file upload-v7.pdb (PDB, C-alpha atoms and all ligand atoms)
MODEL        1
ATOM      1  CA  MET A 117     -16.998  69.245 -27.728
ATOM      2  CA  LYS A 118     -19.247  68.662 -30.670
ATOM      3  CA  SER A 119     -22.643  67.208 -30.053
ATOM      4  CA  SER A 120     -24.495  65.002 -32.430
ATOM      5  CA  TYR A 121     -28.078  63.948 -32.285
ATOM      6  CA  GLU A 122     -28.179  60.289 -31.471
ATOM      7  CA  ASP A 123     -31.814  59.778 -32.289
ATOM      8  CA  LEU A 124     -35.192  61.260 -31.751
ATOM      9  CA  ILE A 125     -38.029  59.986 -29.679
ATOM     10  CA  VAL A 126     -40.969  61.879 -31.019
ATOM     11  CA  PHE A 127     -44.663  61.527 -30.377
ATOM     12  CA  ASN A 128     -46.992  60.321 -32.985
ATOM     13  CA  PRO A 129     -48.658  63.582 -34.012
ATOM     14  CA  ASN A 130     -51.975  61.787 -34.480
ATOM     15  CA  GLU A 131     -52.095  61.043 -30.805
ATOM     16  CA  ARG A 132     -51.597  64.590 -29.721
ATOM     17  CA  ASP A 133     -55.162  65.546 -29.096
ATOM     18  CA  LEU A 134     -55.926  62.529 -26.983
ATOM     19  CA  ARG A 135     -55.489  62.187 -23.306
ATOM     20  CA  TRP A 136     -52.491  59.974 -23.020
ATOM     21  CA  ARG A 137     -52.034  57.849 -19.908
ATOM     22  CA  TYR A 138     -48.630  56.313 -19.350
ATOM     23  CA  ALA A 139     -47.865  53.234 -17.241
ATOM     24  CA  PRO A 140     -48.045  53.859 -13.446
ATOM     25  CA  VAL A 141     -44.643  54.492 -11.847
ATOM     26  CA  GLY A 142     -45.288  53.349  -8.263
ATOM     27  CA  GLN A 143     -42.579  55.665  -6.929
ATOM     28  CA  CYS A 144     -42.294  59.423  -6.556
ATOM     29  CA  ILE A 145     -40.331  60.589  -9.604
ATOM     30  CA  TYR A 146     -38.827  63.473  -7.577
ATOM     31  CA  CYS A 147     -37.826  62.054  -4.164
ATOM     32  CA  GLY A 148     -38.239  58.303  -4.652
ATOM     33  CA  ALA A 149     -40.899  57.891  -1.930
ATOM     34  CA  ARG A 150     -43.071  54.819  -2.301
ATOM     35  CA  SER A 151     -45.998  56.025  -0.221
ATOM     36  CA  TYR A 152     -48.111  59.145  -0.629
ATOM     37  CA  SER A 153     -47.466  60.548   2.836
ATOM     38  CA  GLN A 154     -46.795  59.478   6.424
ATOM     39  CA  SER A 155     -50.367  60.244   7.422
ATOM     40  CA  GLN A 156     -51.785  58.403   4.372
ATOM     41  CA  PRO A 157     -49.290  55.557   3.766
ATOM     42  CA  ASP A 158     -51.873  53.369   2.000
ATOM     43  CA  ARG A 159     -52.999  56.008  -0.439
ATOM     44  CA  ARG A 160     -51.708  55.659  -3.982
ATOM     45  CA  LEU A 161     -49.103  58.144  -5.163
ATOM     46  CA  GLY A 162     -50.516  61.149  -6.972
ATOM     47  CA  LEU A 163     -51.333  61.425 -10.671
ATOM     48  CA  GLU A 164     -48.807  63.653 -12.376
ATOM     49  CA  HIS A 165     -49.866  65.950 -15.206
ATOM     50  CA  ILE A 166     -46.721  66.250 -17.301
ATOM     51  CA  ILE A 167     -47.936  69.601 -18.624
ATOM     52  CA  PRO A 168     -50.125  71.253 -15.962
ATOM     53  CA  GLU A 169     -53.841  70.579 -16.199
ATOM     54  CA  SER A 170     -54.394  74.332 -16.011
ATOM     55  CA  LEU A 171     -52.670  74.632 -19.394
ATOM     56  CA  ASP A 172     -54.823  71.831 -20.791
ATOM     57  CA  GLY A 173     -52.027  69.281 -20.402
ATOM     58  CA  ARG A 174     -53.226  65.839 -21.466
ATOM     59  CA  TYR A 175     -50.276  63.573 -20.753
ATOM     60  CA  LEU A 176     -50.882  61.731 -17.521
ATOM     61  CA  LEU A 177     -48.377  59.793 -15.434
ATOM     62  CA  PRO A 178     -50.213  57.803 -12.720
ATOM     63  CA  GLU A 179     -48.768  57.051  -9.257
ATOM     64  CA  ALA A 180     -45.803  59.336  -9.740
ATOM     65  CA  SER A 181     -45.725  61.956  -6.986
ATOM     66  CA  CYS A 182     -45.840  61.986  -3.191
ATOM     67  CA  ALA A 183     -47.849  64.581  -1.249
ATOM     68  CA  LYS A 184     -44.822  66.697  -0.401
ATOM     69  CA  CYS A 185     -43.491  66.879  -3.958
ATOM     70  CA  GLU A 186     -47.005  67.475  -5.276
ATOM     71  CA  GLY A 187     -47.175  70.530  -3.018
ATOM     72  CA  ILE A 188     -43.852  71.829  -4.319
ATOM     73  CA  THR A 189     -44.561  71.344  -8.033
ATOM     74  CA  SER A 190     -48.099  72.684  -7.876
ATOM     75  CA  SER A 191     -46.902  75.882  -6.148
ATOM     76  CA  PHE A 192     -44.757  76.972  -9.110
ATOM     77  CA  GLU A 193     -47.188  75.556 -11.680
ATOM     78  CA  GLN A 194     -49.977  77.693 -10.295
ATOM     79  CA  LYS A 195     -47.850  80.817 -10.334
ATOM     80  CA  VAL A 196     -46.952  80.372 -14.005
ATOM     81  CA  ALA A 197     -50.524  79.461 -14.973
ATOM     82  CA  LYS A 198     -51.981  82.455 -13.207
ATOM     83  CA  ARG A 199     -49.380  85.154 -13.662
ATOM     84  CA  VAL A 200     -48.045  84.405 -17.130
ATOM     85  CA  PHE A 201     -50.873  82.594 -18.864
ATOM     86  CA  GLY A 202     -53.891  83.938 -16.929
ATOM     87  CA  PRO A 203     -55.475  86.056 -19.700
ATOM     88  CA  LEU A 204     -54.730  83.368 -22.273
ATOM     89  CA  ARG A 205     -56.355  80.655 -20.170
ATOM     90  CA  ALA A 206     -59.458  82.786 -19.772
ATOM     91  CA  HIS A 207     -59.523  83.554 -23.501
ATOM     92  CA  PHE A 208     -59.256  79.898 -24.543
ATOM     93  CA  ASN A 209     -61.380  78.777 -21.601
ATOM     94  CA  LEU A 210     -58.755  76.309 -20.408
ATOM     95  CA  PRO A 211     -59.499  74.106 -17.388
ATOM     96  CA  SER A 212     -59.605  75.739 -13.991
ATOM     97  CA  LYS A 213     -59.964  74.153 -10.551
ATOM     98  CA  ARG A 214     -62.019  77.155  -9.490
ATOM     99  CA  PRO A 215     -63.866  78.321 -12.629
ATOM    100  CA  ARG A 216     -66.096  80.622 -10.588
ATOM    101  CA  GLU A 217     -63.081  82.526  -9.352
ATOM    102  CA  ARG A 218     -61.739  83.013 -12.864
ATOM    103  CA  PRO A 219     -61.400  86.726 -13.511
ATOM    104  CA  SER A 220     -63.541  88.098 -16.324
ATOM    105  CA  THR A 221     -61.359  91.182 -16.665
ATOM    106  CA  PHE A 222     -57.623  91.810 -16.854
ATOM    107  CA  PRO A 223     -55.777  95.063 -16.251
ATOM    108  CA  VAL A 224     -54.164  97.454 -18.709
ATOM    109  CA  SER A 225     -52.237 100.623 -17.862
ATOM    110  CA  ALA A 226     -53.832 103.837 -19.142
ATOM    111  CA  TYR A 227     -51.794 107.042 -19.508
ATOM    112  CA  PHE A 228     -53.950 110.158 -19.287
ATOM    113  CA  GLU A 229     -53.037 113.607 -20.529
ATOM    114  CA  GLY A 230     -50.863 115.510 -18.075
ATOM    115  CA  ALA A 231     -50.298 112.493 -15.813
ATOM    116  CA  GLU A 232     -46.942 110.728 -15.570
ATOM    117  CA  ILE A 233     -48.185 107.720 -13.698
ATOM    118  CA  PRO A 234     -50.493 105.264 -15.449
ATOM    119  CA  VAL A 235     -53.845 104.222 -14.053
ATOM    120  CA  SER A 236     -54.722 100.540 -13.930
ATOM    121  CA  VAL A 237     -57.981  99.837 -15.729
ATOM    122  CA  GLU A 238     -59.782  96.508 -15.876
ATOM    123  CA  VAL A 239     -60.791  95.387 -19.374
ATOM    124  CA  PRO A 240     -63.099  92.421 -20.196
ATOM    125  CA  VAL A 241     -61.278  89.365 -21.564
ATOM    126  CA  ALA A 242     -63.010  89.630 -24.968
ATOM    127  CA  GLN A 243     -61.707  93.165 -25.482
ATOM    128  CA  HIS A 244     -58.310  92.708 -23.884
ATOM    129  CA  PRO A 245     -55.240  93.086 -26.126
ATOM    130  CA  LEU A 246     -54.115  89.552 -25.360
ATOM    131  CA  SER A 247     -50.455  89.163 -24.672
ATOM    132  CA  ILE A 248     -48.087  86.940 -22.749
ATOM    133  CA  ALA A 249     -44.609  87.737 -21.495
ATOM    134  CA  LEU A 250     -42.091  84.967 -21.906
ATOM    135  CA  VAL A 251     -38.312  84.935 -21.847
ATOM    136  CA  LYS A 252     -35.705  84.149 -24.435
ATOM    137  CA  MET A 253     -32.829  82.437 -22.680
ATOM    138  CA  ALA A 254     -29.282  81.556 -23.641
ATOM    139  CA  ARG A 255     -28.587  77.853 -24.194
ATOM    140  CA  PRO A 256     -28.217  75.807 -20.997
ATOM    141  CA  TYR A 257     -24.690  76.168 -19.534
ATOM    142  CA  PHE A 258     -24.341  72.456 -20.042
ATOM    143  CA  PHE A 259     -23.976  73.085 -23.793
ATOM    144  CA  ARG A 260     -21.701  76.107 -23.545
ATOM    145  CA  LYS A 261     -18.121  76.892 -22.613
ATOM    146  CA  LYS A 262     -18.947  79.957 -20.560
ATOM    147  CA  LYS A 263     -17.865  80.650 -17.027
ATOM    148  CA  TRP A 264     -20.493  79.889 -14.450
ATOM    149  CA  ASP A 265     -20.442  83.174 -12.562
ATOM    150  CA  GLU A 266     -21.971  85.125 -15.415
ATOM    151  CA  ALA A 267     -25.499  86.373 -14.984
ATOM    152  CA  TRP A 268     -28.284  84.407 -16.543
ATOM    153  CA  GLU A 269     -28.607  85.727 -20.076
ATOM    154  CA  ARG A 270     -32.243  86.283 -20.798
ATOM    155  CA  ARG A 271     -34.557  88.845 -22.206
ATOM    156  CA  LEU A 272     -38.248  89.390 -22.008
ATOM    157  CA  ILE A 273     -40.363  88.909 -25.091
ATOM    158  CA  VAL A 274     -44.035  89.653 -25.492
ATOM    159  CA  ILE A 275     -46.194  87.447 -27.654
ATOM    160  CA  TYR A 276     -49.482  88.614 -29.124
ATOM    161  CA  PRO A 277     -51.559  85.475 -29.647
ATOM    162  CA  GLY A 278     -54.091  87.242 -31.850
ATOM    163  CA  GLY A 279     -51.370  89.071 -33.766
ATOM    164  CA  MET A 280     -49.835  92.461 -33.067
ATOM    165  CA  ALA A 281     -52.283  94.285 -35.370
ATOM    166  CA  VAL A 282     -55.252  93.022 -33.376
ATOM    167  CA  ALA A 283     -53.570  93.934 -30.085
ATOM    168  CA  ASN A 284     -52.808  97.446 -31.370
ATOM    169  CA  ALA A 285     -56.362  97.935 -32.639
ATOM    170  CA  ARG A 286     -57.741  96.844 -29.273
ATOM    171  CA  MET A 287     -55.379  99.178 -27.407
ATOM    172  CA  ASN A 288     -56.442 102.100 -29.598
ATOM    173  CA  GLU A 289     -60.074 101.259 -29.015
ATOM    174  CA  ILE A 290     -59.616 101.158 -25.243
ATOM    175  CA  ALA A 291     -57.638 104.439 -25.297
ATOM    176  CA  LYS A 292     -60.404 106.103 -27.300
ATOM    177  CA  ARG A 293     -63.124 104.847 -25.001
ATOM    178  CA  LEU A 294     -61.271 105.975 -21.863
ATOM    179  CA  GLY A 295     -60.006 109.225 -23.381
ATOM    180  CA  ALA A 296     -56.454 108.139 -22.538
ATOM    181  CA  ARG A 297     -53.274 109.166 -24.336
ATOM    182  CA  ARG A 298     -52.084 105.610 -24.689
ATOM    183  CA  ILE A 299     -52.526 102.136 -23.271
ATOM    184  CA  GLU A 300     -49.887  99.678 -22.187
ATOM    185  CA  ILE A 301     -50.435  96.022 -21.612
ATOM    186  CA  ARG A 302     -49.419  94.648 -18.279
ATOM    187  CA  CYS A 303     -47.952  91.168 -18.537
ATOM    188  CA  GLY A 304     -47.154  89.023 -15.570
ATOM    189  CA  VAL A 305     -43.674  87.534 -15.380
ATOM    190  CA  ALA A 306     -42.621  84.527 -13.342
ATOM    191  CA  PHE A 307     -39.137  83.684 -14.538
ATOM    192  CA  GLN A 308     -37.986  81.410 -11.711
ATOM    193  CA  GLU A 309     -41.246  79.509 -11.734
ATOM    194  CA  LEU A 310     -41.142  79.104 -15.514
ATOM    195  CA  VAL A 311     -37.658  77.570 -15.286
ATOM    196  CA  LEU A 312     -38.832  75.165 -12.564
ATOM    197  CA  LEU A 313     -41.878  74.250 -14.622
ATOM    198  CA  LEU A 314     -39.787  73.510 -17.722
ATOM    199  CA  ALA A 315     -37.498  71.280 -15.636
ATOM    200  CA  LYS A 316     -40.523  69.487 -14.229
ATOM    201  CA  ILE A 317     -42.069  68.912 -17.653
ATOM    202  CA  GLY A 318     -38.793  67.581 -19.094
ATOM    203  CA  HIS A 319     -38.143  65.252 -16.161
ATOM    204  CA  SER A 320     -41.666  63.861 -15.922
ATOM    205  CA  MET A 321     -41.902  63.335 -19.692
ATOM    206  CA  ALA A 322     -38.610  61.412 -19.689
ATOM    207  CA  CYS A 323     -39.847  59.265 -16.770
ATOM    208  CA  ALA A 324     -43.098  58.602 -18.631
ATOM    209  CA  MET A 325     -41.505  57.614 -21.907
ATOM    210  CA  LEU A 326     -38.327  55.834 -20.783
ATOM    211  CA  GLY A 327     -38.971  54.850 -17.165
ATOM    212  CA  LEU A 328     -37.094  55.886 -14.025
ATOM    213  CA  ASN A 329     -34.343  53.334 -14.526
ATOM    214  CA  ALA A 330     -33.270  54.326 -18.032
ATOM    215  CA  PHE A 331     -31.296  57.413 -17.106
ATOM    216  CA  TYR A 332     -29.413  59.206 -14.325
ATOM    217  CA  PRO A 333     -31.646  62.225 -13.642
ATOM    218  CA  PHE A 334     -30.123  65.717 -13.283
ATOM    219  CA  LEU A 335     -33.238  67.589 -12.225
ATOM    220  CA  PRO A 336     -35.337  66.122  -9.345
ATOM    221  CA  GLU A 337     -33.215  67.474  -6.478
ATOM    222  CA  LEU A 338     -33.076  70.922  -8.038
ATOM    223  CA  ILE A 339     -36.831  70.883  -8.569
ATOM    224  CA  ILE A 340     -37.525  69.870  -4.944
ATOM    225  CA  ARG A 341     -35.135  72.557  -3.676
ATOM    226  CA  LYS A 342     -36.677  75.048  -6.142
ATOM    227  CA  ASP A 343     -33.120  75.907  -7.116
ATOM    228  CA  SER A 344     -33.983  77.839 -10.262
ATOM    229  CA  ASP A 345     -30.596  79.560 -10.190
ATOM    230  CA  TYR A 346     -28.576  76.382 -10.521
ATOM    231  CA  LEU A 347     -31.094  75.047 -13.028
ATOM    232  CA  ARG A 348     -29.589  77.339 -15.671
ATOM    233  CA  MET A 349     -26.985  74.607 -16.008
ATOM    234  CA  PHE A 350     -29.684  72.400 -17.534
ATOM    235  CA  VAL A 351     -32.503  74.721 -18.639
ATOM    236  CA  GLY A 352     -32.190  77.375 -21.319
ATOM    237  CA  GLY A 353     -33.029  78.462 -24.806
ATOM    238  CA  CYS A 354     -33.247  76.229 -27.820
ATOM    239  CA  SER A 355     -30.973  77.098 -30.719
ATOM    240  CA  GLU A 356     -32.202  74.773 -33.376
ATOM    241  CA  ILE A 357     -35.602  73.208 -33.497
ATOM    242  CA  ILE A 358     -35.207  69.696 -34.749
ATOM    243  CA  THR A 359     -38.808  69.103 -35.505
ATOM    244  CA  HIS A 360     -41.819  70.994 -34.377
ATOM    245  CA  ASP A 361     -45.512  70.886 -34.386
ATOM    246  CA  ARG A 362     -46.875  74.388 -34.312
ATOM    247  CA  ASP A 363     -50.431  73.118 -34.642
ATOM    248  CA  SER A 364     -50.721  71.610 -31.204
ATOM    249  CA  MET A 365     -51.046  73.832 -28.167
ATOM    250  CA  HIS A 366     -47.885  72.516 -26.550
ATOM    251  CA  ASP A 367     -44.953  70.701 -28.050
ATOM    252  CA  ILE A 368     -42.387  68.414 -26.417
ATOM    253  CA  ILE A 369     -39.624  66.616 -28.261
ATOM    254  CA  LEU A 370     -37.402  64.188 -26.390
ATOM    255  CA  TYR A 371     -34.078  63.113 -27.882
ATOM    256  CA  ARG A 372     -30.644  61.767 -27.076
ATOM    257  CA  VAL A 373     -27.473  63.744 -27.658
ATOM    258  CA  LYS A 374     -24.065  62.099 -27.855
ATOM    259  CA  ARG A 375     -21.127  63.995 -26.369
ATOM    260  CA  GLY A 376     -17.877  62.082 -26.187
ATOM    261  CA  LYS A 377     -18.592  58.753 -24.535
ATOM    262  CA  ASN A 378     -21.804  59.869 -22.887
ATOM    263  CA  ILE A 379     -25.326  60.014 -24.160
ATOM    264  CA  PHE A 380     -27.540  62.680 -22.658
ATOM    265  CA  LEU A 381     -31.268  63.047 -22.715
ATOM    266  CA  VAL A 382     -32.700  66.392 -23.802
ATOM    267  CA  ALA A 383     -36.265  67.693 -24.030
ATOM    268  CA  ASP A 384     -37.188  70.665 -26.213
ATOM    269  CA  ILE A 385     -40.372  72.228 -24.923
ATOM    270  CA  SER A 386     -42.691  74.959 -26.139
ATOM    271  CA  LEU A 387     -45.776  75.937 -24.179
ATOM    272  CA  PHE A 388     -48.292  77.439 -26.612
ATOM    273  CA  SER A 389     -46.202  76.474 -29.616
ATOM    274  CA  ASN A 390     -49.332  77.173 -31.692
ATOM    275  CA  LEU A 391     -48.956  80.848 -30.769
ATOM    276  CA  ASN A 392     -45.306  80.955 -31.801
ATOM    277  CA  ALA A 393     -44.035  80.863 -28.237
ATOM    278  CA  PRO A 394     -40.310  80.108 -27.906
ATOM    279  CA  TYR A 395     -38.816  76.660 -27.524
ATOM    280  CA  TYR A 396     -36.655  75.822 -24.505
ATOM    281  CA  SER A 397     -34.123  73.042 -24.075
ATOM    282  CA  VAL A 398     -33.946  70.983 -20.889
ATOM    283  CA  VAL A 399     -31.065  68.565 -20.258
ATOM    284  CA  VAL A 400     -32.880  65.841 -18.369
ATOM    285  CA  GLY A 401     -30.106  63.388 -17.544
ATOM    286  CA  ARG A 402     -27.479  60.919 -18.697
ATOM    287  CA  MET A 403     -28.481  57.607 -20.233
ATOM    288  CA  TYR A 404     -27.298  54.528 -18.351
TER     289      TYR A 404
HETATM  290 ZN    ZN B   1     -41.745  62.971  -3.530
ENDMDL
END

call {"tool": "encode", "arguments": {"input": "upload-v7.pdb", "output": "structure tokens", "more": "lines below"}}
Ligand SMILES: [Zn+2]
result
Amino acid sequence: MKSSYEDLIVFNPNERDLRWRYAPVGQCIYCGARSYSQSQPDRRLGLEHIIPESLDGRYLLPEASCAKCEGITSSFEQKVAKRVFGPLRAHFNLPSKRPRERPSTFPVSAYFEGAEIPVSVEVPVAQHPLSIALVKMARPYFFRKKKWDEAWERRLIVIYPGGMAVANARMNEIAKRLGARRIEIRCGVAFQELVLLLAKIGHSMACAMLGLNAFYPFLPELIIRKDSDYLRMFVGGCSEIITHDRDSMHDIILYRVKRGKNIFLVADISLFSNLNAPYYSVVVGRMY
């Protein structure tokens, strides 16, 4: 079935650097709860950062998450922030809840002459050959005619935020200083958590911009269950970037896609789009 873009709902680029606070929801956008928790029924629902605060996310959705769902979403957010984007966050000095615990060094693997097994060596952030490991994914199954039982098609890609030449120069420098044969960068990977995070960003952005009642949501139950495997139905790579803003740190584009009689809501998301990180597509739901 051929898809056509119904229309685009794009941010005003001039507003991108501001903190943007959307209207309070008054209901948990994941489980529908109207109170924060059983032990604190009078407390307001939690403030949702659409993109995690740890990645300098500035779009805020007030009164949007209960205590239980907050616990679930923050567990995978923290893993991605720490494991995948840790060195980058330190380099750009992005917000941290525990700045004192922020590591000042990150490991590289050093191969010494005559040794098969590398030695892990800690290198200060300023000298580290910055890199992040992300994944290129196939389009969400939702858009494809493939059989479900196939493995998730994905491959690892490494991005060098300062450019590959700089990373290579830094690796050579470290090798020289240590007297090592060669240096390899160790990147953290958190595939499942990244998929959950993309689903969370797409869903919360759609709730912020259109409201909970505008669409039938595909993602909240899968997010709560942390069902990253089934999420490949709705989360995957982005084949064609409709419009992009490589200047801002993160980029989200929300749009409607018409397929047959239905209109679906899709978010294209790139975390660190300014560093040429890949775009992902998230099918958020069906418009009522
Ligand atoms: Zn909830």

call {"tool": "residues_near_ligand", "arguments": {"input": "upload-v7.pdb", "ligand": "ligand ZN 1 (chain B)", "cutoff": "8 Å", "atoms": "all atoms listed in the file", "output": "PyMOL selection string"}}
result
chain A and resi 144-149+152+181-186

call {"tool": "residues_near_point", "arguments": {"input": "upload-v7.pdb", "point": "(-56.6, 113.7, -25.2)", "cutoff": "9 Å", "atoms": "all atoms listed in the file", "output": "ChimeraX atom specification"}}
result
/A:228-229,292,295-297

call {"tool": "atom_distance", "arguments": {"input": "upload-v7.pdb", "atom1": "atom CA of Leu326 of chain A", "atom2": "atom CA of Ala383 of chain A"}}
result
12.5 Å

call {"tool": "atom_distance", "arguments": {"input": "upload-v7.pdb", "atom1": "atom CA of Phe334 of chain A", "atom2": "atom CA of Leu370 of chain A"}}
result
15.1 Å

call {"tool": "residues_around", "arguments": {"input": "upload-v7.pdb", "residues": "His366 of chain A", "least_positions_apart": "4", "cutoff": "9 Å", "atoms": "only C-alpha atoms", "output": "tab-separated table (two decimals) with C-alpha atoms, in the coordinates of the input"}}
result
chain	number	residue	atom	x	y	z
A	167	ILE	CA	-47.94	69.60	-18.62
A	171	LEU	CA	-52.67	74.63	-19.39
A	173	GLY	CA	-52.03	69.28	-20.40
A	361	ASP	CA	-45.51	70.89	-34.39
A	362	ARG	CA	-46.88	74.39	-34.31
A	385	ILE	CA	-40.37	72.23	-24.92
A	386	SER	CA	-42.69	74.96	-26.14
A	387	LEU	CA	-45.78	75.94	-24.18
A	388	PHE	CA	-48.29	77.44	-26.61
A	389	SER	CA	-46.20	76.47	-29.62
A	390	ASN	CA	-49.33	77.17	-31.69

call {"tool": "atom_distance", "arguments": {"input": "upload-v7.pdb", "atom1": "atom CA of Leu312 of chain A", "atom2": "atom CA of Ala180 of chain A"}}
result
17.5 Å

call {"tool": "closest_residue", "arguments": {"input": "upload-v7.pdb", "among": "A:Ala324, A:Val235, A:Asp158, A:Phe192", "to": "Tyr138 of chain A", "atoms": "only C-alpha atoms"}}
result
A:Ala324

call {"tool": "residues_around", "arguments": {"input": "upload-v7.pdb", "residues": "Val351 of chain A", "least_positions_apart": "4", "cutoff": "7 Å", "atoms": "all atoms listed in the file", "output": "list of chain:residue names"}}
result
A:Pro256, A:Val311, A:Ala315, A:Leu347, A:Ser397, A:Val398, A:Val399

call {"tool": "resolve_selection", "arguments": {"input": "upload-v7.pdb", "expression": "the PyMOL selection byres (((chain A and resi 259) around 9) and not hetatm)", "output": "PDB file with C-alpha atoms, in the frame of the given file"}}
result
ATOM      1  CA  MET A 117     -16.998  69.245 -27.728  1.00  0.00           C
ATOM      2  CA  SER A 119     -22.643  67.208 -30.053  1.00  0.00           C
ATOM      3  CA  ARG A 255     -28.587  77.853 -24.194  1.00  0.00           C
ATOM      4  CA  PRO A 256     -28.217  75.807 -20.997  1.00  0.00           C
ATOM      5  CA  TYR A 257     -24.690  76.168 -19.534  1.00  0.00           C
ATOM      6  CA  PHE A 258     -24.341  72.456 -20.042  1.00  0.00           C
ATOM      7  CA  ARG A 260     -21.701  76.107 -23.545  1.00  0.00           C
ATOM      8  CA  LYS A 261     -18.121  76.892 -22.613  1.00  0.00           C
ATOM      9  CA  MET A 349     -26.985  74.607 -16.008  1.00  0.00           C
ATOM     10  CA  PHE A 350     -29.684  72.400 -17.534  1.00  0.00           C
TER      11      PHE A 350
END

call {"tool": "resolve_selection", "arguments": {"input": "upload-v7.pdb", "expression": "the PyMOL selection byres (((chain A and resi 141) around 7) and not hetatm)", "output": "list in words"}}
result
Ala139, Pro140, Gly142, Gln143, Pro178, Glu179 and Ala180 of chain A

call {"tool": "resolve_selection", "arguments": {"input": "upload-v7.pdb", "expression": "the PyMOL selection byres (((chain A and resi 280-286) around 7) and not hetatm)", "output": "VMD selection string"}}
result
chain A and resid 243 to 246 276 278 to 279 287 to 290

call {"tool": "closest_residue", "arguments": {"input": "upload-v7.pdb", "among": "A:Ala322, A:Leu314, A:Ala254, A:Ala242", "to": "His207 of chain A", "atoms": "only C-alpha atoms"}}
result
A:Ala242

call {"tool": "axis_aligned_box", "arguments": {"input": "upload-v7.pdb", "around": "segment 265-274 of chain A", "padding_each_side": "8 Å", "output": "AutoDock Vina command-line options"}}
result
--center_x -32.2 --center_y 86.4 --center_z -19.0 --size_x 39.6 --size_y 22.5 --size_z 28.9

call {"tool": "closest_residue", "arguments": {"input": "upload-v7.pdb", "among": "A:Gln194, A:Ser344, A:Ser320, A:Ser355", "to": "His165 of chain A", "atoms": "only C-alpha atoms"}}
result
A:Ser320

call {"tool": "closest_residue", "arguments": {"input": "upload-v7.pdb", "among": "A:Val239, A:Val400, A:Ile233, A:Leu161", "to": "Leu328 of chain A", "atoms": "all atoms listed in the file"}}
result
A:Val400

call {"tool": "build_atoms", "arguments": {"input": "upload-v7.pdb", "residues": "segment 382-395 of chain A", "atoms": "N, CA and C atoms", "output": "mmCIF file, in the frame of the given file"}}
result
data_model
loop_
_atom_site.group_PDB
_atom_site.id
_atom_site.type_symbol
_atom_site.label_atom_id
_atom_site.label_comp_id
_atom_site.auth_asym_id
_atom_site.auth_seq_id
_atom_site.Cartn_x
_atom_site.Cartn_y
_atom_site.Cartn_z
ATOM 1 N N VAL A 382 -32.299 64.982 -23.731
ATOM 2 C CA VAL A 382 -32.700 66.392 -23.802
ATOM 3 C C VAL A 382 -34.167 66.479 -24.212
ATOM 4 N N ALA A 383 -34.881 67.423 -23.611
ATOM 5 C CA ALA A 383 -36.265 67.693 -24.030
ATOM 6 C C ALA A 383 -36.337 69.127 -24.543
ATOM 7 N N ASP A 384 -36.871 69.313 -25.730
ATOM 8 C CA ASP A 384 -37.188 70.665 -26.213
ATOM 9 C C ASP A 384 -38.676 70.882 -25.996
ATOM 10 N N ILE A 385 -38.991 71.996 -25.360
ATOM 11 C CA ILE A 385 -40.372 72.228 -24.923
ATOM 12 C C ILE A 385 -40.853 73.602 -25.365
ATOM 13 N N SER A 386 -42.053 73.662 -25.899
ATOM 14 C CA SER A 386 -42.691 74.959 -26.139
ATOM 15 C C SER A 386 -44.109 74.913 -25.599
ATOM 16 N N LEU A 387 -44.403 75.803 -24.671
ATOM 17 C CA LEU A 387 -45.776 75.937 -24.179
ATOM 18 C C LEU A 387 -46.458 76.960 -25.081
ATOM 19 N N PHE A 388 -47.589 76.616 -25.617
ATOM 20 C CA PHE A 388 -48.292 77.439 -26.612
ATOM 21 C C PHE A 388 -47.443 77.605 -27.879
ATOM 22 N N SER A 389 -46.956 76.458 -28.366
ATOM 23 C CA SER A 389 -46.202 76.474 -29.616
ATOM 24 C C SER A 389 -47.087 76.944 -30.767
ATOM 25 N N ASN A 390 -48.409 76.738 -30.631
ATOM 26 C CA ASN A 390 -49.332 77.173 -31.692
ATOM 27 C C ASN A 390 -49.418 78.698 -31.791
ATOM 28 N N LEU A 391 -48.942 79.384 -30.757
ATOM 29 C CA LEU A 391 -48.956 80.848 -30.769
ATOM 30 C C LEU A 391 -47.551 81.403 -30.996
ATOM 31 N N ASN A 392 -46.685 80.553 -31.527
ATOM 32 C CA ASN A 392 -45.306 80.955 -31.801
ATOM 33 C C ASN A 392 -44.484 81.292 -30.569
ATOM 34 N N ALA A 393 -44.820 80.665 -29.461
ATOM 35 C CA ALA A 393 -44.035 80.863 -28.237
ATOM 36 C C ALA A 393 -42.671 80.188 -28.415
ATOM 37 N N PRO A 394 -41.646 80.669 -27.699
ATOM 38 C CA PRO A 394 -40.310 80.108 -27.906
ATOM 39 C C PRO A 394 -40.172 78.659 -27.428
ATOM 40 N N TYR A 395 -39.184 77.996 -27.977
ATOM 41 C CA TYR A 395 -38.816 76.660 -27.524
ATOM 42 C C TYR A 395 -37.694 76.783 -26.500
#
